[in-house]
>>> print(open('query16.csv').read())   # CSV, C-alpha atoms
chain,number,residue,atom,x,y,z
A,32,MET,CA,-4.8,-20.9,-51.8
A,33,THR,CA,-4.1,-22.1,-48.2
A,34,PRO,CA,-3.8,-25.9,-47.7
A,35,MET,CA,-7.1,-25.9,-45.8
A,36,ASN,CA,-8.9,-24.1,-48.6
A,37,TYR,CA,-7.4,-26.5,-51.1
A,38,LYS,CA,-8.7,-29.5,-49.0
A,39,GLU,CA,-12.2,-28.0,-48.8
A,40,LYS,CA,-12.2,-27.4,-52.6
A,41,SER,CA,-11.2,-31.0,-53.2
A,42,LEU,CA,-13.9,-32.3,-50.9
A,43,ASN,CA,-16.5,-30.1,-52.7
A,44,PHE,CA,-15.3,-31.4,-56.1
A,45,LEU,CA,-15.7,-35.0,-55.0
A,46,ASP,CA,-19.3,-34.6,-54.1
A,47,TYR,CA,-22.2,-37.1,-54.6
A,48,ARG,CA,-23.4,-35.5,-57.8
A,49,LEU,CA,-20.4,-37.0,-59.6
A,50,VAL,CA,-21.7,-40.5,-58.8
A,51,GLY,CA,-24.6,-40.0,-61.3
A,52,LEU,CA,-22.1,-38.8,-63.9
A,53,VAL,CA,-19.9,-41.9,-63.5
A,54,GLY,CA,-23.0,-44.2,-63.6
A,55,SER,CA,-24.4,-42.7,-66.8
A,56,ILE,CA,-21.1,-42.7,-68.6
A,57,ILE,CA,-20.6,-46.4,-67.6
A,58,LEU,CA,-24.0,-47.1,-69.0
A,59,ILE,CA,-23.3,-45.4,-72.3
A,60,VAL,CA,-19.9,-47.1,-72.7
A,61,SER,CA,-21.4,-50.5,-71.9
A,62,GLU,CA,-23.6,-50.2,-75.1
A,63,PHE,CA,-20.4,-50.4,-77.2
A,64,LEU,CA,-18.6,-53.1,-75.3
A,65,THR,CA,-18.9,-56.9,-75.7
A,66,TRP,CA,-22.1,-58.4,-74.4
A,67,LEU,CA,-22.6,-61.8,-76.0
A,68,SER,CA,-20.5,-63.7,-78.5
A,69,GLU,CA,-18.0,-60.8,-79.0
A,70,PHE,CA,-20.9,-58.6,-80.1
A,71,SER,CA,-21.8,-55.3,-78.5
A,72,LEU,CA,-25.4,-54.3,-78.0
A,73,PHE,CA,-25.0,-51.7,-80.8
A,74,ASP,CA,-23.8,-54.4,-83.2
A,75,ILE,CA,-26.8,-56.6,-82.3
A,76,TYR,CA,-29.1,-53.6,-82.9
A,77,ILE,CA,-27.6,-52.9,-86.3
A,78,PHE,CA,-27.7,-56.6,-87.2
A,79,TYR,CA,-31.4,-57.0,-86.1
A,80,THR,CA,-32.4,-53.8,-87.9
A,81,ILE,CA,-30.8,-55.0,-91.2
A,82,THR,CA,-32.5,-58.4,-90.8
A,83,ARG,CA,-35.8,-56.6,-89.9
A,84,VAL,CA,-36.2,-58.4,-86.6
A,85,GLU,CA,-39.0,-57.0,-84.5
A,86,GLN,CA,-38.2,-55.0,-81.3
A,87,SER,CA,-34.6,-54.4,-82.4
A,88,PHE,CA,-34.9,-50.9,-80.8
A,89,ILE,CA,-34.8,-52.5,-77.4
A,90,PHE,CA,-31.1,-53.0,-77.7
A,91,LEU,CA,-30.6,-49.3,-77.8
A,92,PHE,CA,-32.3,-48.8,-74.4
A,93,PRO,CA,-29.1,-48.9,-72.3
A,94,LEU,CA,-27.7,-46.1,-74.5
A,95,ILE,CA,-31.0,-44.1,-74.3
A,96,SER,CA,-31.0,-44.7,-70.6
A,97,GLY,CA,-27.4,-43.5,-70.2
A,98,ILE,CA,-28.0,-40.3,-72.2
A,99,ILE,CA,-31.1,-39.4,-70.2
A,100,CYS,CA,-29.3,-40.1,-66.9
A,101,LEU,CA,-26.4,-38.0,-68.1
A,102,ILE,CA,-28.7,-35.1,-68.8
A,103,ALA,CA,-30.1,-35.5,-65.2
A,104,SER,CA,-26.6,-35.6,-63.7
A,105,LEU,CA,-25.5,-32.5,-65.6
A,106,LEU,CA,-28.7,-30.8,-64.4
A,107,ILE,CA,-27.9,-31.3,-60.7
A,108,ILE,CA,-24.2,-30.5,-61.2
A,109,SER,CA,-25.2,-27.2,-62.8
A,110,ASN,CA,-27.7,-26.3,-60.1
A,111,LEU,CA,-28.4,-28.0,-56.8
A,112,GLU,CA,-31.9,-26.5,-56.8
A,113,TYR,CA,-33.0,-29.1,-59.4
A,114,LYS,CA,-32.9,-32.1,-57.0
A,115,ILE,CA,-36.4,-33.4,-57.6
A,116,ASN,CA,-36.1,-32.7,-61.4
A,117,SER,CA,-32.9,-34.6,-61.5
A,118,VAL,CA,-34.3,-37.6,-59.6
A,119,ILE,CA,-37.4,-37.8,-61.9
A,120,ILE,CA,-35.4,-37.5,-65.1
A,121,THR,CA,-33.0,-40.2,-63.8
A,122,SER,CA,-36.0,-42.4,-63.0
A,123,ILE,CA,-37.2,-42.0,-66.6
A,124,GLY,CA,-33.8,-43.1,-67.8
A,125,LEU,CA,-33.7,-46.1,-65.5
A,126,GLY,CA,-37.3,-46.9,-66.7
A,127,PHE,CA,-35.8,-47.8,-70.1
A,128,LEU,CA,-33.1,-49.8,-68.5
A,129,THR,CA,-35.4,-51.8,-66.3
A,130,LEU,CA,-37.7,-52.7,-69.3
A,131,PHE,CA,-34.6,-53.7,-71.3
A,132,LEU,CA,-33.2,-55.9,-68.5
A,133,VAL,CA,-36.6,-57.6,-67.9
A,134,ASP,CA,-36.7,-58.4,-71.6
A,135,PHE,CA,-33.0,-59.3,-72.1
A,136,ILE,CA,-32.0,-61.3,-69.0
A,137,PRO,CA,-34.7,-64.1,-69.1
A,138,GLY,CA,-34.1,-64.5,-72.9
A,139,GLU,CA,-30.3,-64.9,-72.6
A,140,LEU,CA,-30.2,-66.6,-69.2
A,141,PHE,CA,-28.2,-69.6,-70.3
A,142,TYR,CA,-25.6,-67.5,-72.1
A,143,LEU,CA,-25.1,-65.0,-69.2
A,144,SER,CA,-22.3,-67.0,-67.7
A,145,LYS,CA,-20.3,-66.2,-70.8
A,146,ALA,CA,-21.4,-62.5,-70.9
A,147,GLY,CA,-18.8,-59.9,-71.8
A,148,ILE,CA,-17.7,-56.8,-69.9
A,149,GLY,CA,-20.5,-54.7,-71.3
A,150,PHE,CA,-23.2,-56.7,-69.4
A,151,TYR,CA,-21.4,-56.3,-66.1
A,152,LEU,CA,-20.7,-52.6,-66.7
A,153,CYS,CA,-24.4,-52.1,-67.5
A,154,ILE,CA,-25.4,-53.7,-64.2
A,155,ALA,CA,-22.8,-51.6,-62.3
A,156,GLY,CA,-24.1,-48.4,-64.0
A,157,PHE,CA,-27.6,-49.3,-63.0
A,158,VAL,CA,-26.7,-49.9,-59.3
A,159,ILE,CA,-24.5,-46.7,-59.3
A,160,LEU,CA,-27.5,-44.7,-60.6
A,161,ILE,CA,-29.8,-46.0,-58.0
A,162,LEU,CA,-27.2,-45.1,-55.4
A,163,HIS,CA,-27.0,-41.6,-57.0
A,164,ILE,CA,-30.8,-41.2,-56.6
A,165,ILE,CA,-30.7,-42.2,-52.9
A,166,LEU,CA,-27.7,-39.9,-52.3
A,167,ILE,CA,-29.6,-36.9,-53.8
A,168,LEU,CA,-32.7,-37.6,-51.8
A,169,ILE,CA,-31.0,-38.0,-48.5
A,170,SER,CA,-28.6,-35.0,-49.0
A,171,LYS,CA,-29.4,-32.1,-46.7
A,172,GLU,CA,-28.4,-29.2,-49.0
B,325,MET,CA,-34.1,-3.8,-25.7
B,326,SER,CA,-35.9,-1.6,-23.2
B,327,THR,CA,-37.8,-3.0,-20.2
B,328,GLY,CA,-41.1,-1.6,-21.6
B,329,THR,CA,-40.6,-3.6,-24.8
B,330,ILE,CA,-39.8,-6.8,-22.9
B,331,TYR,CA,-43.0,-6.4,-20.8
B,332,HIS,CA,-45.0,-5.7,-24.0
B,333,HIS,CA,-43.8,-9.1,-25.4
B,334,LEU,CA,-44.3,-10.9,-22.1
B,335,ASP,CA,-47.9,-9.5,-22.1
B,336,SER,CA,-48.4,-10.8,-25.6
B,337,LEU,CA,-47.3,-14.3,-24.5
B,338,SER,CA,-49.4,-14.2,-21.3
B,339,GLN,CA,-51.4,-17.3,-22.3
B,340,LEU,CA,-48.2,-19.3,-22.9
B,341,ILE,CA,-45.9,-18.3,-20.0
B,342,GLU,CA,-46.3,-17.5,-16.3
B,343,GLN,CA,-43.9,-16.2,-13.7
B,344,GLY,CA,-42.9,-18.6,-10.9
B,345,LYS,CA,-42.3,-17.9,-7.3
B,346,ASN,CA,-38.5,-17.5,-8.0
B,347,LYS,CA,-39.4,-14.7,-10.5
B,348,LYS,CA,-38.4,-16.9,-13.5
B,349,TYR,CA,-40.8,-17.4,-16.4
B,350,TYR,CA,-42.1,-20.9,-17.2
B,351,LEU,CA,-44.3,-22.3,-19.9
B,352,THR,CA,-48.0,-22.8,-18.9
B,353,ASP,CA,-49.8,-26.1,-19.8
B,354,PHE,CA,-51.0,-24.4,-22.9
B,355,GLY,CA,-47.5,-23.2,-23.7
B,356,VAL,CA,-46.1,-26.7,-23.3
B,357,HIS,CA,-48.8,-28.0,-25.6
B,358,ALA,CA,-48.0,-25.3,-28.2
B,359,TYR,CA,-44.3,-26.0,-28.0
B,360,ASN,CA,-44.9,-29.8,-28.5
B,361,SER,CA,-47.3,-29.2,-31.3
B,362,LEU,CA,-44.7,-27.0,-33.1
B,363,LYS,CA,-41.9,-29.6,-32.5
B,364,GLU,CA,-44.0,-32.5,-33.8
B,365,ASN,CA,-45.2,-30.7,-36.9
B,366,ILE,CA,-41.8,-29.2,-38.0
B,367,GLU,CA,-41.6,-31.8,-40.8
B,368,VAL,CA,-45.1,-30.9,-42.0
B,369,MET,CA,-44.0,-27.3,-42.2
B,370,GLU,CA,-40.9,-28.3,-44.1
B,371,SER,CA,-42.7,-30.8,-46.3
B,372,SER,CA,-44.4,-28.0,-48.3
B,373,LYS,CA,-41.0,-26.6,-49.2
B,374,PHE,CA,-39.8,-26.9,-52.8
B,375,SER,CA,-36.6,-25.3,-54.0
B,376,LYS,CA,-37.3,-22.4,-56.3
B,377,GLY,CA,-35.5,-24.1,-59.2
B,378,ASP,CA,-37.6,-27.2,-58.9
B,379,TYR,CA,-40.9,-25.4,-58.3
B,380,ASN,CA,-40.5,-23.3,-61.4
B,381,SER,CA,-39.2,-26.1,-63.7
B,382,PRO,CA,-41.4,-27.1,-66.7
B,383,LEU,CA,-41.1,-30.7,-65.7
B,384,LEU,CA,-42.7,-30.2,-62.2
B,385,LYS,CA,-45.3,-27.8,-63.7
B,386,PHE,CA,-46.2,-30.5,-66.2
B,387,LEU,CA,-46.5,-33.2,-63.5
B,388,PHE,CA,-48.6,-30.9,-61.3
B,389,ALA,CA,-50.9,-30.2,-64.3
B,390,LEU,CA,-51.5,-34.0,-64.5
B,391,THR,CA,-52.0,-34.4,-60.8
B,392,PRO,CA,-55.6,-34.6,-59.7
B,393,ILE,CA,-55.0,-32.6,-56.5
B,394,LYS,CA,-58.7,-32.4,-55.8
B,395,PHE,CA,-59.0,-36.2,-55.5
B,396,ILE,CA,-55.8,-36.6,-53.4
B,397,ALA,CA,-56.3,-33.7,-51.0
B,398,PHE,CA,-60.0,-34.2,-50.8
B,399,GLU,CA,-62.3,-32.6,-48.2
B,400,GLU,CA,-64.4,-34.5,-45.7
B,401,LYS,CA,-67.6,-33.6,-47.5
B,402,ASP,CA,-66.2,-35.1,-50.8
B,403,LYS,CA,-65.2,-38.4,-49.2
B,404,LYS,CA,-68.1,-40.4,-50.8
B,405,TYR,CA,-67.5,-38.8,-54.2
B,406,ASN,CA,-63.8,-39.6,-53.9
B,407,ALA,CA,-64.5,-43.2,-52.9
B,408,VAL,CA,-66.7,-43.7,-56.0
B,409,ILE,CA,-63.9,-42.3,-58.3
B,410,SER,CA,-61.3,-44.5,-56.6
B,411,PHE,CA,-63.6,-47.6,-56.9
B,412,ALA,CA,-64.2,-46.8,-60.6
B,413,ILE,CA,-60.5,-46.6,-61.3
B,414,LEU,CA,-59.9,-50.0,-59.6
B,415,ILE,CA,-62.7,-51.7,-61.5
B,416,ILE,CA,-61.7,-50.3,-64.9
B,417,GLY,CA,-58.0,-51.3,-64.2
B,418,THR,CA,-59.1,-54.8,-63.1
B,419,ILE,CA,-61.1,-55.4,-66.3
B,420,LEU,CA,-58.4,-54.0,-68.6
B,421,CYS,CA,-55.6,-55.9,-66.9
B,422,GLY,CA,-57.6,-59.1,-67.4
B,423,LEU,CA,-58.3,-58.3,-71.1
B,424,ASN,CA,-54.6,-57.4,-71.8
B,425,GLY,CA,-53.5,-60.7,-70.2
B,426,PHE,CA,-51.1,-59.0,-67.8
B,427,TYR,CA,-49.8,-60.2,-64.4
B,428,SER,CA,-49.4,-57.0,-62.4
B,429,LEU,CA,-46.7,-56.4,-59.8
B,430,LEU,CA,-46.9,-52.9,-58.3
B,431,LEU,CA,-46.4,-50.7,-61.4
B,432,PHE,CA,-45.0,-53.5,-63.6
B,433,PHE,CA,-47.0,-55.6,-66.0
B,434,ILE,CA,-45.8,-59.0,-67.1
B,435,LYS,CA,-47.2,-60.6,-70.2
B,436,THR,CA,-48.5,-64.2,-69.8
B,437,SER,CA,-46.5,-66.9,-71.5
B,438,GLU,CA,-49.5,-68.1,-73.3
B,439,ASP,CA,-50.9,-66.6,-76.5
B,440,ILE,CA,-53.1,-63.7,-75.4
B,441,TYR,CA,-55.7,-64.4,-78.2
B,442,LYS,CA,-56.1,-68.0,-76.9
B,443,LEU,CA,-56.5,-67.3,-73.2
B,444,THR,CA,-59.5,-68.9,-71.5
B,445,LEU,CA,-62.1,-66.8,-69.6
B,446,ILE,CA,-60.9,-68.2,-66.3
B,447,SER,CA,-57.3,-67.0,-67.0
B,448,HIS,CA,-58.6,-63.5,-67.8
B,449,VAL,CA,-60.6,-63.5,-64.5
B,450,VAL,CA,-57.5,-64.7,-62.5
B,451,LEU,CA,-55.4,-62.0,-64.0
B,452,SER,CA,-58.1,-59.4,-63.1
B,453,VAL,CA,-58.1,-60.7,-59.5
B,454,ILE,CA,-54.3,-60.4,-59.4
B,455,PHE,CA,-54.7,-56.7,-60.2
B,456,ILE,CA,-56.9,-56.2,-57.1
B,457,VAL,CA,-54.5,-58.2,-54.9
B,458,ASN,CA,-51.6,-56.2,-56.3
B,459,PHE,CA,-53.4,-52.9,-55.4
B,460,LEU,CA,-53.9,-54.1,-51.8
B,461,LEU,CA,-50.3,-55.3,-51.6
B,462,TYR,CA,-49.0,-52.0,-52.9
B,463,PHE,CA,-51.1,-50.0,-50.4
B,464,LEU,CA,-49.9,-52.3,-47.5
B,465,LEU,CA,-46.3,-52.0,-48.5
B,466,VAL,CA,-46.4,-48.2,-48.7
B,467,GLU,CA,-48.2,-48.0,-45.4
B,468,LEU,CA,-45.7,-50.4,-43.8
B,469,PHE,CA,-42.7,-48.3,-45.1
B,470,CYS,CA,-44.3,-45.1,-43.8
B,471,ARG,CA,-44.7,-46.6,-40.4
B,472,LEU,CA,-41.4,-48.4,-40.3
B,473,PHE,CA,-39.1,-45.7,-41.6
B,474,TYR,CA,-40.9,-42.4,-40.7
B,475,ARG,CA,-43.3,-43.4,-38.0
B,476,LYS,CA,-46.3,-42.0,-39.9
B,477,LYS,CA,-49.3,-43.9,-38.6
B,478,GLY,CA,-52.2,-41.5,-39.0
B,479,ASN,CA,-54.7,-40.8,-41.8
B,480,THR,CA,-54.6,-44.4,-43.0
B,481,PHE,CA,-58.2,-44.5,-44.2
B,482,ASN,CA,-58.0,-41.3,-46.2
B,483,PHE,CA,-54.8,-42.5,-47.7
B,484,PHE,CA,-56.5,-45.8,-48.6
B,485,LEU,CA,-59.4,-43.9,-50.2
B,486,SER,CA,-57.1,-41.8,-52.4
B,487,PHE,CA,-54.6,-44.6,-53.1
B,488,PRO,CA,-56.3,-45.9,-56.3
B,489,ILE,CA,-55.9,-42.4,-57.8
B,490,ILE,CA,-52.2,-43.0,-58.2
B,491,LEU,CA,-53.1,-45.9,-60.5
B,492,TYR,CA,-55.1,-43.8,-63.0
B,493,PRO,CA,-52.0,-43.4,-65.3
B,494,MET,CA,-51.6,-47.2,-65.4
B,495,VAL,CA,-55.3,-47.6,-66.3
B,496,ILE,CA,-54.8,-45.1,-69.2
B,497,TYR,CA,-51.8,-47.2,-70.3
B,498,LEU,CA,-53.8,-50.4,-70.1
B,499,PHE,CA,-56.6,-48.9,-72.2
B,500,ILE,CA,-54.1,-47.7,-74.9
B,501,HIS,CA,-52.4,-51.1,-74.9
B,502,PHE,CA,-55.7,-52.8,-75.2
B,503,ILE,CA,-56.6,-50.7,-78.3
B,504,LEU,CA,-53.2,-51.4,-79.9
B,505,LEU,CA,-53.5,-55.1,-79.0
B,506,SER,CA,-57.1,-55.5,-80.3
B,507,THR,CA,-56.3,-53.7,-83.6
B,508,GLY,CA,-53.0,-55.6,-84.1
B,509,LEU,CA,-51.1,-52.3,-84.3
B,510,ILE,CA,-48.8,-53.5,-81.5
B,511,ARG,CA,-47.0,-55.7,-84.0
B,512,ILE,CA,-45.6,-52.6,-85.8
B,513,THR,CA,-42.1,-51.9,-84.5
B,514,TYR,CA,-42.6,-48.2,-84.0
B,515,ILE,CA,-46.0,-48.6,-82.3
B,516,ASN,CA,-44.5,-51.2,-80.0
B,517,PHE,CA,-41.7,-48.7,-79.2
B,518,LEU,CA,-44.3,-46.0,-78.5
B,519,ASP,CA,-46.2,-48.5,-76.3
B,520,THR,CA,-43.0,-49.1,-74.2
B,521,VAL,CA,-42.2,-45.3,-73.9
B,522,LEU,CA,-45.8,-44.7,-72.8
B,523,LEU,CA,-45.5,-47.4,-70.1
B,524,ILE,CA,-42.3,-45.7,-68.8
B,525,PHE,CA,-44.0,-42.3,-68.8
B,526,PHE,CA,-47.1,-43.5,-67.0
B,527,GLN,CA,-45.0,-45.4,-64.5
B,528,ILE,CA,-43.1,-42.2,-63.7
B,529,LEU,CA,-46.4,-40.3,-63.4
B,530,SER,CA,-47.8,-42.9,-61.0
B,531,LEU,CA,-44.6,-42.7,-58.9
B,532,TRP,CA,-45.0,-38.9,-58.8
B,533,LEU,CA,-48.7,-39.3,-57.7
B,534,LEU,CA,-47.7,-41.7,-55.0
B,535,THR,CA,-45.0,-39.2,-53.8
B,536,TYR,CA,-47.6,-36.4,-53.8
B,537,ASN,CA,-50.2,-38.5,-52.1
B,538,LEU,CA,-47.6,-39.3,-49.3
B,539,LYS,CA,-46.9,-35.6,-48.9
B,540,VAL,CA,-50.6,-34.8,-48.6
B,541,SER,CA,-51.9,-37.8,-46.6
B,542,LYS,CA,-48.8,-38.7,-44.5
B,543,ASP,CA,-47.2,-35.3,-44.3
B,544,LEU,CA,-43.9,-36.6,-45.7
B,545,LYS,CA,-41.4,-34.4,-47.4
B,546,ILE,CA,-41.3,-34.9,-51.2
B,547,GLU,CA,-37.7,-36.4,-50.9
B,548,ARG,CA,-38.9,-39.0,-48.4
B,549,GLY,CA,-42.0,-39.8,-50.4
B,550,LEU,CA,-39.7,-40.3,-53.5
B,551,ILE,CA,-37.4,-42.6,-51.5
B,552,ILE,CA,-40.4,-44.9,-50.5
B,553,ALA,CA,-41.9,-44.8,-54.1
B,554,LEU,CA,-38.6,-45.5,-55.8
B,555,LEU,CA,-37.4,-48.2,-53.3
B,556,LEU,CA,-40.7,-50.1,-53.9
B,557,HIS,CA,-40.5,-49.6,-57.6
B,558,TYR,CA,-36.9,-50.9,-58.0
B,559,GLY,CA,-37.7,-53.6,-55.4
B,560,SER,CA,-40.6,-54.8,-57.5
B,561,PHE,CA,-38.4,-54.7,-60.6
B,562,THR,CA,-36.0,-57.1,-58.9
B,563,VAL,CA,-38.9,-59.4,-58.1
B,564,VAL,CA,-40.2,-59.2,-61.7
B,565,LEU,CA,-36.7,-60.1,-63.0
B,566,LEU,CA,-36.5,-63.1,-60.7
B,567,LEU,CA,-40.0,-64.2,-61.7
B,568,SER,CA,-39.1,-63.9,-65.4
B,569,ILE,CA,-36.1,-66.1,-64.9
>>> encode(input="query16.csv", output="structure tokens")
Amino acid sequence: MTPMNYKEKSLNFLDYRLVGLVGSIILIVSEFLTWLSEFSLFDIYIFYTITRVEQSFIFLFPLISGIICLIASLLIISNLEYKINSVIITSIGLGFLTLFLVDFIPGELFYLSKAGIGFYLCIAGFVILILHIILILISKE
Amino acid sequence: MSTGTIYHHLDSLSQLIEQGKNKKYYLTDFGVHAYNSLKENIEVMESSKFSKGDYNSPLLKFLFALTPIKFIAFEEKDKKYNAVISFAILIIGTILCGLNGFYSLLLFFIKTSEDIYKLTLISHVVLSVIFIVNFLLYFLLVELFCRLFYRKKGNTFNFFLSFPIILYPMVIYLFIHFILLSTGLIRITYINFLDTVLLIFFQILSLWLLTYNLKVSKDLKIERGLIIALLLHYGSFTVVLLLSI
């Protein structure tokens, strides 16, 4: 492989489709990292399910969102022809996240200053995925 | 190419080109008009393009099956009929939004802080009026974005007439939510989860309908329509979040 070919291959490898992959993995990982009081969202879900608190399922939404967005990212990585499909599936995934954030942030507002890395990663994942959608839609391929 | 063939093609284009005194060929007025028309409408021609993969996908086929194309791309003779349907969707949405006790912001619904079963009649009416205001705001924002980003000024009235059609999924959601609320089923965890999933599904369907409407009414490419729809959607999410705080 000539140096030029190698450079072209590297540039192709680092394309915008990987942004979605990174965003969705960050979102999935954030579910298992510390959010509030050393607890992860998954811990809170388990705790609330055992104590039969209503709407405990909402704490799984970042995980569900991450998995759906991961599927959408893999879809566009496998075939560039599925641009619109990928955007719609990512929007479905982000729909879960938006409803979770609308429910979670106002309720825990006073504790957010002490929020753990999980919360910040979740927000970062959300922003990255929105960027991913915009990049797909403005790409010329 | 032989001279005969060239003259044959020049003869076919006789309405569009003419020979000047210097023996060179120039566009006639009609030719210039045809050229400008092609140039201006290149996006329209491109907007109908879907990639083969996208077009044949089950997801888009499913969304197309739920798209009332007849009411979005309506003909001139069906204008009155379309206006009645759009008005009916708005009225039903207005009533249901008031009954459910929701503040609406674009495609988001925020529950009132008060107990829904203890809301006064005036509160219900105010929430209903907010739904109408929200509809007008949504239309104006989409129109503004079209004009600002893509310079699409035309067809505003027809776009306005078909705009309530994009809210039909939200009206169905409001109806289902009202049934669950009035029967008390909403208190069951799994039903509540189903209600949330339905809201997401109907939001996405409405976003798709808006995109399709922009394609039909404003001649925007699907990608551009999606950019406007999603920008407004996530913009309104930010506002909802700030209001909730």
>>> interface_residues(input="query16.csv", of="chain B", to="chain A", cutoff="7 Å", atoms="only C-alpha atoms", output="JSON, numbers by chain")
{"B": [375, 376, 377, 378, 383, 513, 524, 528, 547, 551, 565, 568, 569]}
>>> atom_distance(input="query16.csv", atom1="CA of Phe526 in chain B", atom2="CA of Pro93 in chain A")
19.5 Å
>>> atom_distance(input="query16.csv", atom1="CA of Ile159 in chain A", atom2="CA of Leu384 in chain B")
24.7 Å
>>> closest_residue(input="query16.csv", among="A:Ala146, A:Ile102, A:Phe73, A:Ala155", to="Leu52 in chain A", atoms="all atoms listed in the file")
A:Ile102
>>> atom_distance(input="query16.csv", atom1="CA of Leu49 in chain A", atom2="CA of Phe150 in chain A")
22.2 Å
>>> residues_around(input="query16.csv", residues="Ile434 in chain B", least_positions_apart="4", cutoff="10 Å", atoms="all atoms listed in the file", output="list in words")
Val133 of chain A; Gly425, Phe426, Tyr427, Ser428, Leu429, Val564, Leu567 and Ser568 of chain B
>>> residues_around(input="query16.csv", residues="Ala553 in chain B", least_positions_apart="2", cutoff="8 Å", atoms="only C-alpha atoms", output="ChimeraX atom specification")
/B:466,531,534-535,549-551,555-557
>>> residues_around(input="query16.csv", residues="Ile75 in chain A", least_positions_apart="5", cutoff="12 Å", atoms="all atoms listed in the file", output="list in words")
Glu62, Phe63, Leu64, Thr65, Trp66, Leu67, Ser68, Glu69, Phe70, Thr80, Ile81, Thr82, Arg83, Val84, Gln86, Ser87, Phe88, Ile89, Phe90 and Leu91 of chain A
>>> closest_residue(input="query16.csv", among="A:Tyr142, A:Ala103, A:Ile57, A:Ile98", to="Ile154 in chain A", atoms="only C-alpha atoms")
A:Ile57
>>> residues_around(input="query16.csv", residues="range 491-493 of chain B", least_positions_apart="2", cutoff="7 Å", atoms="all atoms listed in the file", output="list in words")
Ile413, Pro488, Ile489, Val495, Ile496, Tyr497, Phe526, Leu529 and Ser530 of chain B
>>> closest_residue(input="query16.csv", among="A:Leu94, A:Ile107, A:Ile148, A:Leu72", to="Gly51 in chain A", atoms="all atoms listed in the file")
A:Ile107
